Amino acid sequence: MNAERIAALSRAGVRVEVVPETGSTNADLLARAALLSDALLLVAEHQTAGRGRAGRSWLSSSEHSLTFSLAWKFDGGPQVLAGLPLAVGVALGEALAALGVQVQLKWPNDVLKDGAKLAGILIETQSAPPAQGGGTWAVIGIGLNLVMPDEVEARLGRSAAGAPWLARMERDVLMAALLDALAKALRLFARQGFAPFCARWNLRHAWQGQTVVILDHGQVVQEGLAAGVDDSGRLLLDTAHGRSTVLAGDVSLRVKE
């Protein structure tokens, strides 16, 4: 992949760097955030220590996946970022649909294809120093499966999706298209928060109307019918005691067996 070509193909106006290998693009950008002057996309052709939610590892390879992180500064504290993972999911979902791959979204931060995980989103934050005018850096890490070989799926221990159609695309073109969609979404989110994304997220909700259980550290804490998300990005559950809301956090969502 070529950073200059990605930047030239993109309309986002974002600086791009490509490295052949690193531990984690999220960790790299978090370490550099205090020195950044503007948004930066960091693409790794191979990650050796990629991470998902709750400290889970993300398996990737240059031939089979696309892994990258985007550092973006927002005004205000971390509280202004409520719903950001879902907004990023909407941007990814719509960009992939435009490229011919239909996906659904799993709360709070997974992209599914045919019921299996195609992409994951990990957002980490860091306060911007006074020299940068304050605010909060969000480092948005994304891992997108392009091809899912049997041996990788076996290592995962669960089914995962691939998108062979995307794997045939030129990587620089694919990355530029995703960057454009993300930058457009982040600029809108910075102005209006999650509200403009709410209906768009619900259109792609994978488990709308299905009975789900909310797990926290393996323990069931809530159960009900998944009813989409609200304007803050909270999951809505219709339970035996009425409608309740679930905040994003270290929880897992499973369709009830």
# chains A, B, ... in the order shown; residues from 1 in each chain; ligands from 1

call {"tool": "closest_atom_pairs", "arguments": {"of": "range 94-186 of chain A", "to": "range 204-207 of chain A", "cutoff": "8 Å", "atoms": "only C-alpha atoms", "output": "CSV"}}
result
residue,atom,partner,partner_atom,distance
A:Val103,CA,A:Arg204,CA,7.3
A:Gln104,CA,A:Arg204,CA,4.7
A:Leu105,CA,A:His205,CA,5.0
A:Lys106,CA,A:Ala206,CA,5.7
A:Trp107,CA,A:His205,CA,7.9
A:Leu112,CA,A:Ala206,CA,7.6
A:Gly115,CA,A:Ala206,CA,7.7

call {"tool": "write_last_selection", "arguments": {"atoms": "N, CA and C atoms", "output": "short mmCIF file (atom, residue, chain, number, x, y, z; two decimals), in the first residue's frame"}}
result
data_model
loop_
_atom_site.label_atom_id
_atom_site.label_comp_id
_atom_site.auth_asym_id
_atom_site.auth_seq_id
_atom_site.Cartn_x
_atom_site.Cartn_y
_atom_site.Cartn_z
N VAL A 103 -23.92 -5.24 4.85
CA VAL A 103 -23.58 -5.66 6.22
C VAL A 103 -24.65 -5.18 7.19
N GLN A 104 -24.57 -5.74 8.39
CA GLN A 104 -25.42 -5.29 9.49
C GLN A 104 -24.53 -4.91 10.66
N LEU A 105 -25.13 -4.24 11.64
CA LEU A 105 -24.38 -3.74 12.78
C LEU A 105 -24.84 -4.40 14.07
N LYS A 106 -23.85 -4.76 14.89
CA LYS A 106 -24.11 -5.33 16.21
C LYS A 106 -23.66 -4.32 17.25
N TRP A 107 -24.53 -4.00 18.18
CA TRP A 107 -24.19 -3.05 19.24
C TRP A 107 -23.14 -3.65 20.17
N LEU A 112 -21.23 -6.96 10.92
CA LEU A 112 -21.50 -8.36 10.61
C LEU A 112 -21.87 -8.53 9.14
N GLY A 115 -24.33 -12.71 9.48
CA GLY A 115 -24.35 -13.11 10.88
C GLY A 115 -23.01 -13.32 11.53
#

call {"tool": "select_by_dssp", "arguments": {"residues": "range 31-156 of chain A", "states": "strand (DSSP E or B)", "output": "PyMOL selection string"}}
result
chain A and resi 40-44+47+51+57+65-74+104-106+110-113+116-127+136-145

call {"tool": "closest_residue", "arguments": {"among": "A:Ala116, A:Leu70, A:Leu81, A:Leu166", "to": "Ala98 in chain A", "atoms": "only C-alpha atoms"}}
result
A:Leu166

call {"tool": "closest_residue", "arguments": {"among": "A:Leu35, A:Val88, A:Met1, A:Leu9", "to": "Lys184 in chain A", "atoms": "only C-alpha atoms"}}
result
A:Val88

call {"tool": "residues_around", "arguments": {"residues": "Trp137 in chain A", "least_positions_apart": "2", "cutoff": "9 Å", "atoms": "only C-alpha atoms", "output": "number ranges by chain"}}
result
A: 30, 33-34, 71-75, 78, 124-128, 135, 139

call {"tool": "write_last_selection", "arguments": {"atoms": "N, CA and C atoms", "output": "PDB file, in the first residue's frame"}}
result
ATOM      1  N   LEU A  30      -1.904   6.636  19.858  1.00  0.00           N
ATOM      2  CA  LEU A  30      -2.074   7.153  21.215  1.00  0.00           C
ATOM      3  C   LEU A  30      -0.759   7.706  21.747  1.00  0.00           C
ATOM      4  N   ALA A  33      -0.230  11.137  20.030  1.00  0.00           N
ATOM      5  CA  ALA A  33      -1.339  12.094  19.970  1.00  0.00           C
ATOM      6  C   ALA A  33      -0.937  13.495  20.431  1.00  0.00           C
ATOM      7  N   ALA A  34      -0.144  13.582  21.489  1.00  0.00           N
ATOM      8  CA  ALA A  34       0.222  14.893  22.032  1.00  0.00           C
ATOM      9  C   ALA A  34       1.076  15.699  21.065  1.00  0.00           C
ATOM     10  N   ALA A  71      -6.583   8.908  13.929  1.00  0.00           N
ATOM     11  CA  ALA A  71      -6.580   9.830  15.070  1.00  0.00           C
ATOM     12  C   ALA A  71      -7.348  11.088  14.675  1.00  0.00           C
ATOM     13  N   TRP A  72      -8.309  11.477  15.510  1.00  0.00           N
ATOM     14  CA  TRP A  72      -9.183  12.617  15.197  1.00  0.00           C
ATOM     15  C   TRP A  72      -9.462  13.379  16.490  1.00  0.00           C
ATOM     16  N   LYS A  73      -9.242  14.693  16.463  1.00  0.00           N
ATOM     17  CA  LYS A  73      -9.429  15.491  17.685  1.00  0.00           C
ATOM     18  C   LYS A  73     -10.809  16.136  17.703  1.00  0.00           C
ATOM     19  N   PHE A  74     -11.466  16.012  18.854  1.00  0.00           N
ATOM     20  CA  PHE A  74     -12.779  16.607  19.071  1.00  0.00           C
ATOM     21  C   PHE A  74     -12.684  17.665  20.162  1.00  0.00           C
ATOM     22  N   ASP A  75     -13.505  18.697  20.050  1.00  0.00           N
ATOM     23  CA  ASP A  75     -13.620  19.671  21.126  1.00  0.00           C
ATOM     24  C   ASP A  75     -14.363  19.037  22.297  1.00  0.00           C
ATOM     25  N   PRO A  78     -14.283  13.588  26.992  1.00  0.00           N
ATOM     26  CA  PRO A  78     -14.718  12.291  26.459  1.00  0.00           C
ATOM     27  C   PRO A  78     -16.233  12.120  26.400  1.00  0.00           C
ATOM     28  N   GLU A 124     -10.200   4.432  21.398  1.00  0.00           N
ATOM     29  CA  GLU A 124      -9.523   4.797  22.634  1.00  0.00           C
ATOM     30  C   GLU A 124      -9.301   6.309  22.622  1.00  0.00           C
ATOM     31  N   THR A 125      -9.306   6.906  23.800  1.00  0.00           N
ATOM     32  CA  THR A 125      -9.249   8.370  23.877  1.00  0.00           C
ATOM     33  C   THR A 125      -8.089   8.837  24.739  1.00  0.00           C
ATOM     34  N   GLN A 126      -7.724  10.087  24.492  1.00  0.00           N
ATOM     35  CA  GLN A 126      -6.655  10.731  25.262  1.00  0.00           C
ATOM     36  C   GLN A 126      -6.903  12.231  25.241  1.00  0.00           C
ATOM     37  N   SER A 127      -6.758  12.853  26.384  1.00  0.00           N
ATOM     38  CA  SER A 127      -6.956  14.302  26.446  1.00  0.00           C
ATOM     39  C   SER A 127      -5.879  15.023  25.643  1.00  0.00           C
ATOM     40  N   ALA A 128      -6.303  16.017  24.884  1.00  0.00           N
ATOM     41  CA  ALA A 128      -5.339  16.829  24.127  1.00  0.00           C
ATOM     42  C   ALA A 128      -4.721  17.869  25.062  1.00  0.00           C
ATOM     43  N   GLY A 135      -9.383  19.646  24.352  1.00  0.00           N
ATOM     44  CA  GLY A 135     -10.216  18.704  23.609  1.00  0.00           C
ATOM     45  C   GLY A 135      -9.795  17.274  23.867  1.00  0.00           C
ATOM     46  N   VAL A 139      -8.790   7.835  18.987  1.00  0.00           N
ATOM     47  CA  VAL A 139      -8.055   6.979  18.063  1.00  0.00           C
ATOM     48  C   VAL A 139      -8.983   5.831  17.702  1.00  0.00           C
TER      49      VAL A 139
END

call {"tool": "closest_residue", "arguments": {"among": "A:Leu247, A:Leu40, A:Ala161, A:Leu29", "to": "Ala183 in chain A", "atoms": "only C-alpha atoms"}}
result
A:Leu40

call {"tool": "decode", "arguments": {"residues": "range 102-131 of chain A", "atoms": "N, CA and C atoms", "output": "PDB file, in the first residue's frame"}}
result
ATOM      1  N   GLN A 102     -23.127  -5.883   1.514  1.00  0.00           N
ATOM      2  CA  GLN A 102     -24.168  -5.532   2.462  1.00  0.00           C
ATOM      3  C   GLN A 102     -23.832  -6.093   3.843  1.00  0.00           C
ATOM      4  N   VAL A 103     -23.916  -5.243   4.853  1.00  0.00           N
ATOM      5  CA  VAL A 103     -23.576  -5.655   6.219  1.00  0.00           C
ATOM      6  C   VAL A 103     -24.649  -5.184   7.189  1.00  0.00           C
ATOM      7  N   GLN A 104     -24.570  -5.740   8.393  1.00  0.00           N
ATOM      8  CA  GLN A 104     -25.417  -5.292   9.493  1.00  0.00           C
ATOM      9  C   GLN A 104     -24.533  -4.909  10.664  1.00  0.00           C
ATOM     10  N   LEU A 105     -25.133  -4.243  11.645  1.00  0.00           N
ATOM     11  CA  LEU A 105     -24.379  -3.737  12.782  1.00  0.00           C
ATOM     12  C   LEU A 105     -24.836  -4.398  14.073  1.00  0.00           C
ATOM     13  N   LYS A 106     -23.852  -4.762  14.890  1.00  0.00           N
ATOM     14  CA  LYS A 106     -24.111  -5.330  16.208  1.00  0.00           C
ATOM     15  C   LYS A 106     -23.657  -4.320  17.252  1.00  0.00           C
ATOM     16  N   TRP A 107     -24.530  -4.001  18.178  1.00  0.00           N
ATOM     17  CA  TRP A 107     -24.192  -3.048  19.237  1.00  0.00           C
ATOM     18  C   TRP A 107     -23.137  -3.653  20.168  1.00  0.00           C
ATOM     19  N   PRO A 108     -22.103  -2.890  20.573  1.00  0.00           N
ATOM     20  CA  PRO A 108     -21.932  -1.487  20.199  1.00  0.00           C
ATOM     21  C   PRO A 108     -20.947  -1.220  19.057  1.00  0.00           C
ATOM     22  N   ASN A 109     -20.182  -2.214  18.604  1.00  0.00           N
ATOM     23  CA  ASN A 109     -19.108  -1.825  17.688  1.00  0.00           C
ATOM     24  C   ASN A 109     -18.640  -2.922  16.734  1.00  0.00           C
ATOM     25  N   ASP A 110     -19.527  -3.796  16.315  1.00  0.00           N
ATOM     26  CA  ASP A 110     -19.140  -4.829  15.358  1.00  0.00           C
ATOM     27  C   ASP A 110     -19.920  -4.678  14.058  1.00  0.00           C
ATOM     28  N   VAL A 111     -19.271  -5.039  12.975  1.00  0.00           N
ATOM     29  CA  VAL A 111     -19.903  -5.070  11.653  1.00  0.00           C
ATOM     30  C   VAL A 111     -20.029  -6.528  11.248  1.00  0.00           C
ATOM     31  N   LEU A 112     -21.233  -6.960  10.924  1.00  0.00           N
ATOM     32  CA  LEU A 112     -21.501  -8.363  10.611  1.00  0.00           C
ATOM     33  C   LEU A 112     -21.867  -8.530   9.140  1.00  0.00           C
ATOM     34  N   LYS A 113     -21.496  -9.685   8.612  1.00  0.00           N
ATOM     35  CA  LYS A 113     -21.915 -10.090   7.270  1.00  0.00           C
ATOM     36  C   LYS A 113     -22.428 -11.515   7.373  1.00  0.00           C
ATOM     37  N   ASP A 114     -23.672 -11.706   6.973  1.00  0.00           N
ATOM     38  CA  ASP A 114     -24.298 -13.038   7.081  1.00  0.00           C
ATOM     39  C   ASP A 114     -24.207 -13.583   8.504  1.00  0.00           C
ATOM     40  N   GLY A 115     -24.333 -12.706   9.479  1.00  0.00           N
ATOM     41  CA  GLY A 115     -24.355 -13.108  10.878  1.00  0.00           C
ATOM     42  C   GLY A 115     -23.005 -13.320  11.532  1.00  0.00           C
ATOM     43  N   ALA A 116     -21.920 -13.210  10.778  1.00  0.00           N
ATOM     44  CA  ALA A 116     -20.574 -13.398  11.331  1.00  0.00           C
ATOM     45  C   ALA A 116     -19.811 -12.078  11.282  1.00  0.00           C
ATOM     46  N   LYS A 117     -18.819 -11.958  12.139  1.00  0.00           N
ATOM     47  CA  LYS A 117     -18.084 -10.701  12.277  1.00  0.00           C
ATOM     48  C   LYS A 117     -17.189 -10.447  11.068  1.00  0.00           C
ATOM     49  N   LEU A 118     -17.404  -9.309  10.438  1.00  0.00           N
ATOM     50  CA  LEU A 118     -16.582  -8.894   9.304  1.00  0.00           C
ATOM     51  C   LEU A 118     -15.564  -7.841   9.721  1.00  0.00           C
ATOM     52  N   ALA A 119     -15.956  -6.952  10.621  1.00  0.00           N
ATOM     53  CA  ALA A 119     -15.058  -5.878  11.044  1.00  0.00           C
ATOM     54  C   ALA A 119     -15.333  -5.529  12.496  1.00  0.00           C
ATOM     55  N   GLY A 120     -14.292  -5.071  13.178  1.00  0.00           N
ATOM     56  CA  GLY A 120     -14.411  -4.610  14.552  1.00  0.00           C
ATOM     57  C   GLY A 120     -13.875  -3.198  14.685  1.00  0.00           C
ATOM     58  N   ILE A 121     -14.410  -2.489  15.666  1.00  0.00           N
ATOM     59  CA  ILE A 121     -14.047  -1.091  15.901  1.00  0.00           C
ATOM     60  C   ILE A 121     -13.587  -0.965  17.350  1.00  0.00           C
ATOM     61  N   LEU A 122     -12.436  -0.370  17.566  1.00  0.00           N
ATOM     62  CA  LEU A 122     -11.936  -0.096  18.912  1.00  0.00           C
ATOM     63  C   LEU A 122     -11.556   1.373  18.993  1.00  0.00           C
ATOM     64  N   ILE A 123     -12.242   2.122  19.859  1.00  0.00           N
ATOM     65  CA  ILE A 123     -11.958   3.546  20.018  1.00  0.00           C
ATOM     66  C   ILE A 123     -11.356   3.787  21.393  1.00  0.00           C
ATOM     67  N   GLU A 124     -10.200   4.432  21.398  1.00  0.00           N
ATOM     68  CA  GLU A 124      -9.523   4.797  22.634  1.00  0.00           C
ATOM     69  C   GLU A 124      -9.301   6.309  22.622  1.00  0.00           C
ATOM     70  N   THR A 125      -9.306   6.906  23.800  1.00  0.00           N
ATOM     71  CA  THR A 125      -9.249   8.370  23.877  1.00  0.00           C
ATOM     72  C   THR A 125      -8.089   8.837  24.739  1.00  0.00           C
ATOM     73  N   GLN A 126      -7.724  10.087  24.492  1.00  0.00           N
ATOM     74  CA  GLN A 126      -6.655  10.731  25.262  1.00  0.00           C
ATOM     75  C   GLN A 126      -6.903  12.231  25.241  1.00  0.00           C
ATOM     76  N   SER A 127      -6.758  12.853  26.384  1.00  0.00           N
ATOM     77  CA  SER A 127      -6.956  14.302  26.446  1.00  0.00           C
ATOM     78  C   SER A 127      -5.879  15.023  25.643  1.00  0.00           C
ATOM     79  N   ALA A 128      -6.303  16.017  24.884  1.00  0.00           N
ATOM     80  CA  ALA A 128      -5.339  16.829  24.127  1.00  0.00           C
ATOM     81  C   ALA A 128      -4.721  17.869  25.062  1.00  0.00           C
ATOM     82  N   PRO A 129      -3.419  18.099  24.957  1.00  0.00           N
ATOM     83  CA  PRO A 129      -2.764  19.059  25.855  1.00  0.00           C
ATOM     84  C   PRO A 129      -3.183  20.494  25.541  1.00  0.00           C
ATOM     85  N   PRO A 130      -2.986  21.401  26.507  1.00  0.00           N
ATOM     86  CA  PRO A 130      -3.344  22.813  26.285  1.00  0.00           C
ATOM     87  C   PRO A 130      -2.691  23.401  25.044  1.00  0.00           C
ATOM     88  N   ALA A 131      -1.482  22.933  24.707  1.00  0.00           N
ATOM     89  CA  ALA A 131      -0.797  23.457  23.518  1.00  0.00           C
ATOM     90  C   ALA A 131      -1.575  23.165  22.242  1.00  0.00           C
TER      91      ALA A 131
END
